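Step one of this worksheet: look at the structure below.
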Amino acid sequence: MRLYTLFYIFVRIGAQAFGGGATLLALLHRETVERYGYLTESELATAWSLCAVTPGINQIAISALIGHRVRGVAGALVAVAGLLSVGSLVTIGVTFGYREMQARAGDEIEAALRGVVPATVGVGLITCWQLLRPQLLPKTPVKDAKGRIGQVQALVLCAAAAALLPLTRLPVVLLLLASGLVGVVVAWVLSRVKPAVREDAQP
Amino acid sequence: MNPSAMNDVPLWVWTWLVLKASLLTTSGTGNVPSLHADLVETGHATDAQFAEAFAIGQVTPGPGGLWVVSLGYLLKGLPGALTALAAVCLPPLGVLLIRRLHERVQGNPLVNGFLRGLAAAVAGVTLVTLTRLLLSVGISATSIAIALGALALSLTKRVPILVIFALAAAAGLLAR
């Protein structure tokens, strides 16, 4: 696989990737699994799971992983460059155009923004839900105390962060790290707790 | 806000802020709270600029995390956009370094515990940021209705984000 072919494949993917990770995953499946056979469906799913816990933009991470699989480090960089080329150019172009419009029709832009900002908030709430859902509604139904503790932990840490940020003005980074450490402590405690013995269990 | 406030911030500081914010999140928009705290609350950017950049990031192709490229352009022109692009690329490239390590720690309860705690906190601080955004245009029946309407339409997964923001902009124009 030549690097420019790899680049072109990811340019095509990036140019069609509207609407977030689900769209990108479908595009990646079509190109890298079905069409070119770079990896299997299971490998793509595993890679996506790994990227979900990698810092930053998941879509960049998975593009780097797939590119690396095909052509090593050069492939990773080329795949990422291809993914972002159209999006970044369009983003800069739209921002430039928006700023020009703002200078010419400021009142109308401001009025439109008074509608767009609340819509941004509404759409942003989905991000919050997507962060919490795996803990509040895991794929495996919660049946024991450990699972319930996990659900409560998610709600408590979310509420605590939301309350502490405006009240204490602590740096966001510290709040996030502290919450992560709480998660570690809770996980450690739960790993030490032996499952309760059922009364009707056989000796 | 002093319109030239961001001009006082060196380009490398802007780049570092984007990099720092992107390191402590596992999504493209999870860096919003950190950047909001570093920029809006210090008077170097406005809520309106954040909302504009976020909206542009959602309606353009590619990852929604490219919203920082738009913000970079609004705040520091083309250099700001390009350095923001470089900064958001670096953390996810770390997957190449951790993929082998991940095979060893995958399923480790302490690692998973850290990530769960982190995700819950990001959700919480994101709620705060969203509230502040809404306050910037004033909480009214109209703004709440638009927010809830956008949320409902997004949940259907049938309405493109571009259409949602276009409808919201139209609602804003009609409401003035």
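Residue numbering restarts at 1 in every chain; chains get A, B, ... in the order shown in the structure tokens, and ligands count up from 1 in that same order.
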
Tell me which protein, DNA and RNA residues are within 10 Å of Ala112 of chain A, counting only C-alpha atoms, leaving out same-chain ones fewer than 2 positions away, and put them as a count of residues only. 21

Quick one: residues within 9 Å of Pro63 of chain B, only C-alpha atoms counted, chain neighbours fewer than 3 positions away excluded, as a compact mmCIF listing (two decimals) with N, CA and C atoms, in the first residue's frame?
# COMPACT_ATOMS: atom_id res chain seq x y z
N GLY A 14 -12.27 11.36 5.93
CA GLY A 14 -12.42 12.60 6.69
C GLY A 14 -13.41 13.56 6.08
N ALA A 17 -16.94 12.42 7.13
CA ALA A 17 -17.18 12.13 8.54
C ALA A 17 -17.90 13.27 9.23
N PHE A 18 -19.18 13.39 8.97
CA PHE A 18 -20.00 14.33 9.70
C PHE A 18 -20.69 13.59 10.84
N GLY A 19 -20.89 14.29 11.96
CA GLY A 19 -21.73 13.71 13.01
C GLY A 19 -21.03 12.88 14.05
N GLY A 20 -19.69 12.86 14.06
CA GLY A 20 -19.03 12.23 15.20
C GLY A 20 -18.49 10.85 14.94
N GLY A 21 -18.16 10.15 16.04
CA GLY A 21 -17.46 8.88 15.97
C GLY A 21 -18.21 7.76 15.28
N LEU A 24 -17.75 8.00 11.58
CA LEU A 24 -16.37 7.65 11.22
C LEU A 24 -16.15 6.15 11.32
N ILE A 57 -8.61 13.17 20.78
CA ILE A 57 -9.66 12.83 19.82
C ILE A 57 -9.53 11.37 19.39
N ASN A 58 -10.58 10.60 19.67
CA ASN A 58 -10.56 9.16 19.36
C ASN A 58 -10.35 8.90 17.88
N GLN A 59 -10.95 9.73 17.04
CA GLN A 59 -10.89 9.50 15.61
C GLN A 59 -9.47 9.64 15.08
N ILE A 60 -8.71 10.54 15.67
CA ILE A 60 -7.30 10.68 15.28
C ILE A 60 -6.52 9.45 15.74
N LEU A 83 -7.00 12.29 7.31
CA LEU A 83 -8.27 12.44 8.04
C LEU A 83 -8.59 13.90 8.30
N LEU A 84 -7.56 14.68 8.67
CA LEU A 84 -7.80 16.04 9.13
C LEU A 84 -7.70 17.09 8.02
N GLY A 87 -11.25 18.51 6.82
CA GLY A 87 -11.94 19.09 7.96
C GLY A 87 -11.30 20.36 8.46
N GLY B 28 -13.08 14.53 21.86
CA GLY B 28 -12.68 15.75 21.18
C GLY B 28 -13.24 17.02 21.81
N GLY B 57 -17.32 23.66 14.74
CA GLY B 57 -16.69 22.34 14.83
C GLY B 57 -17.67 21.20 14.64
N GLN B 58 -18.92 21.44 15.01
CA GLN B 58 -19.93 20.38 14.87
C GLN B 58 -20.45 20.26 13.45
N THR B 60 -18.81 21.11 10.51
CA THR B 60 -17.81 20.89 9.46
C THR B 60 -17.38 19.43 9.47
N LEU B 66 -12.20 19.37 16.19
CA LEU B 66 -11.56 20.44 15.42
C LEU B 66 -12.13 21.81 15.77
N TRP B 67 -13.06 21.84 16.72
CA TRP B 67 -13.61 23.12 17.15
C TRP B 67 -12.50 24.04 17.68

Excluding Val193 of chain A and any residue of its chain fewer than 5 positions from it, enumerate the residues within 12 Å of it, using only C-alpha atoms, and give them as an NGL selection string. :A and (145-146 or 186-188)

Exercise: Leu93 of chain B partners within 9 Å, only C-alpha atoms, chain neighbours under 5 positions left out, as a ChimeraX atom specification: /A:54-56,60-61,64-65,76-77,80

How would you write, as a short mmCIF file (atom, residue, chain, number, x, y, z; two decimals) with C-alpha atoms, in the first residue's frame, the set of residues in segment 8-185 of chain A that DSSP gives as alpha helix (DSSP H)?
data_model
loop_
_atom_site.label_atom_id
_atom_site.label_comp_id
_atom_site.auth_asym_id
_atom_site.auth_seq_id
_atom_site.Cartn_x
_atom_site.Cartn_y
_atom_site.Cartn_z
CA TYR A 8 -6.24 9.50 -0.22
CA ILE A 9 -8.30 6.84 1.56
CA PHE A 10 -8.28 8.85 4.77
CA VAL A 11 -8.95 12.12 2.94
CA ARG A 12 -12.08 10.46 1.58
CA ILE A 13 -13.04 9.24 5.05
CA GLY A 14 -12.42 12.60 6.69
CA ALA A 15 -14.40 14.49 4.07
CA GLN A 16 -17.49 12.39 4.77
CA GLY A 21 -17.46 8.88 15.97
CA ALA A 22 -20.30 6.63 14.86
CA THR A 23 -20.14 7.94 11.30
CA LEU A 24 -16.37 7.65 11.22
CA LEU A 25 -16.49 4.09 12.53
CA ALA A 26 -18.91 3.12 9.77
CA LEU A 27 -16.66 4.73 7.17
CA LEU A 28 -13.58 3.02 8.60
CA GLU A 41 -14.08 -6.42 12.27
CA SER A 42 -12.98 -7.71 15.65
CA GLU A 43 -9.64 -5.92 15.38
CA LEU A 44 -11.39 -2.68 14.45
CA ALA A 45 -13.63 -2.99 17.50
CA THR A 46 -10.65 -3.67 19.75
CA ALA A 47 -8.77 -0.72 18.28
CA TRP A 48 -11.77 1.54 18.85
CA SER A 49 -11.96 0.43 22.48
CA LEU A 50 -8.30 1.23 22.95
CA CYS A 51 -8.80 4.67 21.41
CA ALA A 52 -11.69 5.33 23.76
CA ASN A 58 -10.56 9.16 19.36
CA GLN A 59 -10.89 9.50 15.61
CA ILE A 60 -7.30 10.68 15.28
CA ALA A 61 -6.09 7.84 17.49
CA ILE A 62 -7.81 5.11 15.49
CA SER A 63 -6.59 6.58 12.21
CA ALA A 64 -3.06 6.52 13.60
CA LEU A 65 -3.47 2.91 14.71
CA ILE A 66 -4.74 1.74 11.34
CA GLY A 67 -2.14 3.76 9.45
CA HIS A 68 0.59 2.28 11.68
CA ARG A 69 -0.66 -1.21 10.95
CA VAL A 70 -0.42 -0.59 7.21
CA ARG A 71 2.83 1.39 6.92
CA GLY A 72 4.34 1.91 10.37
CA VAL A 73 4.95 5.36 11.77
CA ALA A 74 4.84 6.98 8.34
CA GLY A 75 1.50 5.34 7.73
CA ALA A 76 0.16 6.63 11.04
CA LEU A 77 1.15 10.21 10.25
CA VAL A 78 -0.17 10.01 6.70
CA ALA A 79 -3.50 8.56 7.84
CA VAL A 80 -3.96 11.33 10.42
CA ALA A 81 -2.98 14.00 7.91
CA GLY A 82 -5.50 12.62 5.45
CA LEU A 83 -8.27 12.44 8.04
CA LEU A 84 -7.80 16.04 9.13
CA SER A 85 -6.92 17.71 5.84
CA VAL A 86 -10.41 18.46 4.54
CA GLY A 87 -11.94 19.09 7.96
CA SER A 88 -9.30 21.55 9.12
CA LEU A 89 -9.33 23.48 5.83
CA VAL A 90 -13.12 23.70 5.83
CA THR A 91 -13.16 24.68 9.50
CA ILE A 92 -10.70 27.51 8.92
CA GLY A 93 -12.59 28.60 5.82
CA VAL A 94 -15.97 28.62 7.55
CA THR A 95 -14.53 30.51 10.52
CA PHE A 96 -13.01 33.09 8.18
CA GLY A 97 -16.31 33.47 6.33
CA TYR A 98 -18.22 33.73 9.59
CA ARG A 99 -15.93 36.49 10.82
CA GLU A 100 -16.36 38.40 7.58
CA MET A 101 -20.14 38.07 7.82
CA GLN A 102 -20.00 39.23 11.41
CA ALA A 103 -18.34 42.46 10.29
CA ARG A 104 -21.01 43.13 7.67
CA GLY A 106 -23.35 42.08 13.06
CA ASP A 107 -26.92 42.50 14.35
CA GLU A 108 -28.22 39.56 12.37
CA ILE A 109 -25.26 37.41 13.38
CA GLU A 110 -25.77 38.28 17.01
CA ALA A 111 -29.45 37.38 16.80
CA ALA A 112 -28.65 34.07 15.12
CA LEU A 113 -26.05 33.40 17.78
CA ARG A 114 -28.67 33.87 20.47
CA GLY A 115 -30.30 30.86 18.93
CA VAL A 116 -27.15 28.86 18.20
CA VAL A 117 -25.66 29.16 21.70
CA PRO A 118 -28.62 27.47 23.45
CA ALA A 119 -28.60 24.81 20.72
CA THR A 120 -24.92 24.25 21.47
CA VAL A 121 -25.86 23.71 25.10
CA GLY A 122 -28.55 21.21 24.14
CA VAL A 123 -26.18 19.25 21.90
CA GLY A 124 -23.46 19.48 24.54
CA LEU A 125 -25.70 17.75 27.08
CA ILE A 126 -25.45 14.65 24.94
CA THR A 127 -21.69 14.69 25.47
CA CYS A 128 -22.30 14.61 29.21
CA TRP A 129 -24.65 11.69 28.85
CA GLN A 130 -22.21 9.80 26.63
CA LEU A 131 -19.57 10.17 29.34
CA LEU A 132 -21.83 8.88 32.08
CA ARG A 133 -23.92 6.26 30.30
CA PRO A 134 -21.30 3.44 30.35
CA GLN A 135 -21.25 3.74 34.16
CA LEU A 136 -24.91 4.42 34.79
CA ALA A 145 -23.53 -4.14 45.17
CA LYS A 146 -20.30 -3.43 43.31
CA GLY A 147 -22.25 -2.42 40.26
CA ARG A 148 -24.53 -0.18 42.27
CA ILE A 149 -21.51 1.44 43.90
CA GLY A 150 -20.15 2.16 40.44
CA GLN A 151 -23.37 3.89 39.45
CA VAL A 152 -23.45 5.94 42.64
CA GLN A 153 -19.77 6.82 42.21
CA ALA A 154 -20.42 8.21 38.74
CA LEU A 155 -23.27 10.41 39.95
CA VAL A 156 -21.41 11.60 43.03
CA LEU A 157 -18.21 12.47 41.18
CA CYS A 158 -20.15 14.25 38.44
CA ALA A 159 -22.13 16.26 40.97
CA ALA A 160 -19.05 16.98 43.06
CA ALA A 161 -17.10 18.28 40.08
CA ALA A 162 -20.06 20.41 38.98
CA ALA A 163 -20.39 21.87 42.48
CA LEU A 164 -16.72 22.33 43.32
CA LEU A 165 -15.72 24.07 40.11
CA PRO A 166 -17.77 27.26 40.57
CA LEU A 167 -17.59 27.24 44.38
CA THR A 168 -13.88 26.70 44.91
CA VAL A 172 -10.07 22.04 36.26
CA VAL A 173 -7.05 19.79 35.83
CA LEU A 174 -6.82 19.24 39.60
CA LEU A 175 -10.50 18.41 39.84
CA LEU A 176 -10.23 15.86 37.05
CA LEU A 177 -7.13 14.21 38.51
CA ALA A 178 -8.67 14.12 41.97
CA SER A 179 -11.76 12.45 40.58
CA GLY A 180 -9.62 9.91 38.78
CA LEU A 181 -7.79 9.15 42.03
CA VAL A 182 -11.09 8.67 43.83
CA GLY A 183 -11.97 6.18 41.12
CA VAL A 184 -8.69 4.35 41.77
CA VAL A 185 -9.31 4.21 45.52
#

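For the pair atom CA of Ala37 of chain B and atom CA of Pro171 of chain A, the separation is 7.8 Å.
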
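For the atom pair formed by atom CA of His44 of chain B and atom CA of Ala121 of chain B, the distance is 24.6 Å, given to one decimal.
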
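For the choices B:Arg100, B:Ala51, B:Gly30, B:Leu75, the atom-to-atom distance to Leu134 of chain B is smallest for B:Ala51 when using only C-alpha atoms.
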
Atom CA of Ser27 of chain B to atom CA of Val88 of chain B: how many Å, to one decimal? 10.6 Å

Among listed residues A:Val53, A:Ala105, A:Val142, A:Arg35, nearest chain B (using only C-alpha atoms): A:Val53

Show which residues sit within 9 Å of Thr46 of chain B, as JSON, numbers by chain. Count only C-alpha atoms, and ignore same-chain residues fewer than 6 positions away. {"B": [1, 36, 39, 40, 136]}

Do a neighbour search on Pro10 of chain B at 12 Å with only C-alpha atoms, toss out local chain neighbours closer than 2 positions, and write the hits as a ChimeraX atom specification. /B:5-8,12-17,44,75-76,79-80,83

Write the residues of the preceding selection, restricted to N, CA, C and O atoms, as a compact mmCIF listing (two decimals), in the first residue's frame.
# COMPACT_ATOMS: atom_id res chain seq x y z
N ALA B 5 -6.95 41.26 24.34
CA ALA B 5 -6.38 40.49 25.46
C ALA B 5 -5.63 39.27 24.97
O ALA B 5 -4.58 38.92 25.49
N MET B 6 -6.20 38.60 23.95
CA MET B 6 -5.56 37.38 23.48
C MET B 6 -4.25 37.68 22.79
O MET B 6 -3.38 36.81 22.71
N ASN B 7 -4.12 38.92 22.27
CA ASN B 7 -2.86 39.27 21.62
C ASN B 7 -1.69 39.26 22.59
O ASN B 7 -0.54 39.13 22.20
N ASP B 8 -2.04 39.42 23.89
CA ASP B 8 -0.98 39.44 24.89
C ASP B 8 -0.50 38.03 25.23
O ASP B 8 0.51 37.88 25.90
N TRP B 12 2.85 30.18 21.94
CA TRP B 12 3.21 28.92 22.57
C TRP B 12 2.34 28.65 23.80
O TRP B 12 2.04 27.49 24.11
N VAL B 13 1.91 29.72 24.47
CA VAL B 13 1.04 29.55 25.63
C VAL B 13 -0.32 29.03 25.17
O VAL B 13 -0.88 28.10 25.77
N TRP B 14 -0.87 29.60 24.10
CA TRP B 14 -2.12 29.13 23.52
C TRP B 14 -2.00 27.65 23.15
O TRP B 14 -2.86 26.84 23.46
N THR B 15 -0.90 27.30 22.51
CA THR B 15 -0.68 25.92 22.09
C THR B 15 -0.64 25.00 23.31
O THR B 15 -1.22 23.91 23.31
N TRP B 16 0.08 25.42 24.33
CA TRP B 16 0.19 24.63 25.55
C TRP B 16 -1.18 24.44 26.21
O TRP B 16 -1.50 23.35 26.69
N LEU B 17 -1.99 25.48 26.24
CA LEU B 17 -3.32 25.37 26.84
C LEU B 17 -4.16 24.33 26.11
O LEU B 17 -4.88 23.55 26.74
N HIS B 44 -9.51 36.29 28.29
CA HIS B 44 -8.81 36.24 27.02
C HIS B 44 -9.70 35.78 25.87
O HIS B 44 -9.28 35.78 24.72
N LEU B 75 -9.23 33.57 17.77
CA LEU B 75 -8.43 34.25 18.78
C LEU B 75 -7.07 34.74 18.26
O LEU B 75 -6.61 35.82 18.65
N LYS B 76 -6.46 33.95 17.41
CA LYS B 76 -5.08 34.28 17.01
C LYS B 76 -4.82 34.07 15.52
O LYS B 76 -3.67 33.83 15.12
N PRO B 79 -2.13 31.39 12.50
CA PRO B 79 -1.17 30.71 13.37
C PRO B 79 -1.85 30.00 14.55
O PRO B 79 -1.46 28.89 14.90
N GLY B 80 -2.85 30.63 15.12
CA GLY B 80 -3.57 30.02 16.23
C GLY B 80 -4.31 28.76 15.80
O GLY B 80 -4.37 27.78 16.54
N THR B 83 -1.55 25.94 15.11
CA THR B 83 -0.93 25.40 16.32
C THR B 83 -1.94 24.60 17.14
O THR B 83 -1.59 23.60 17.77
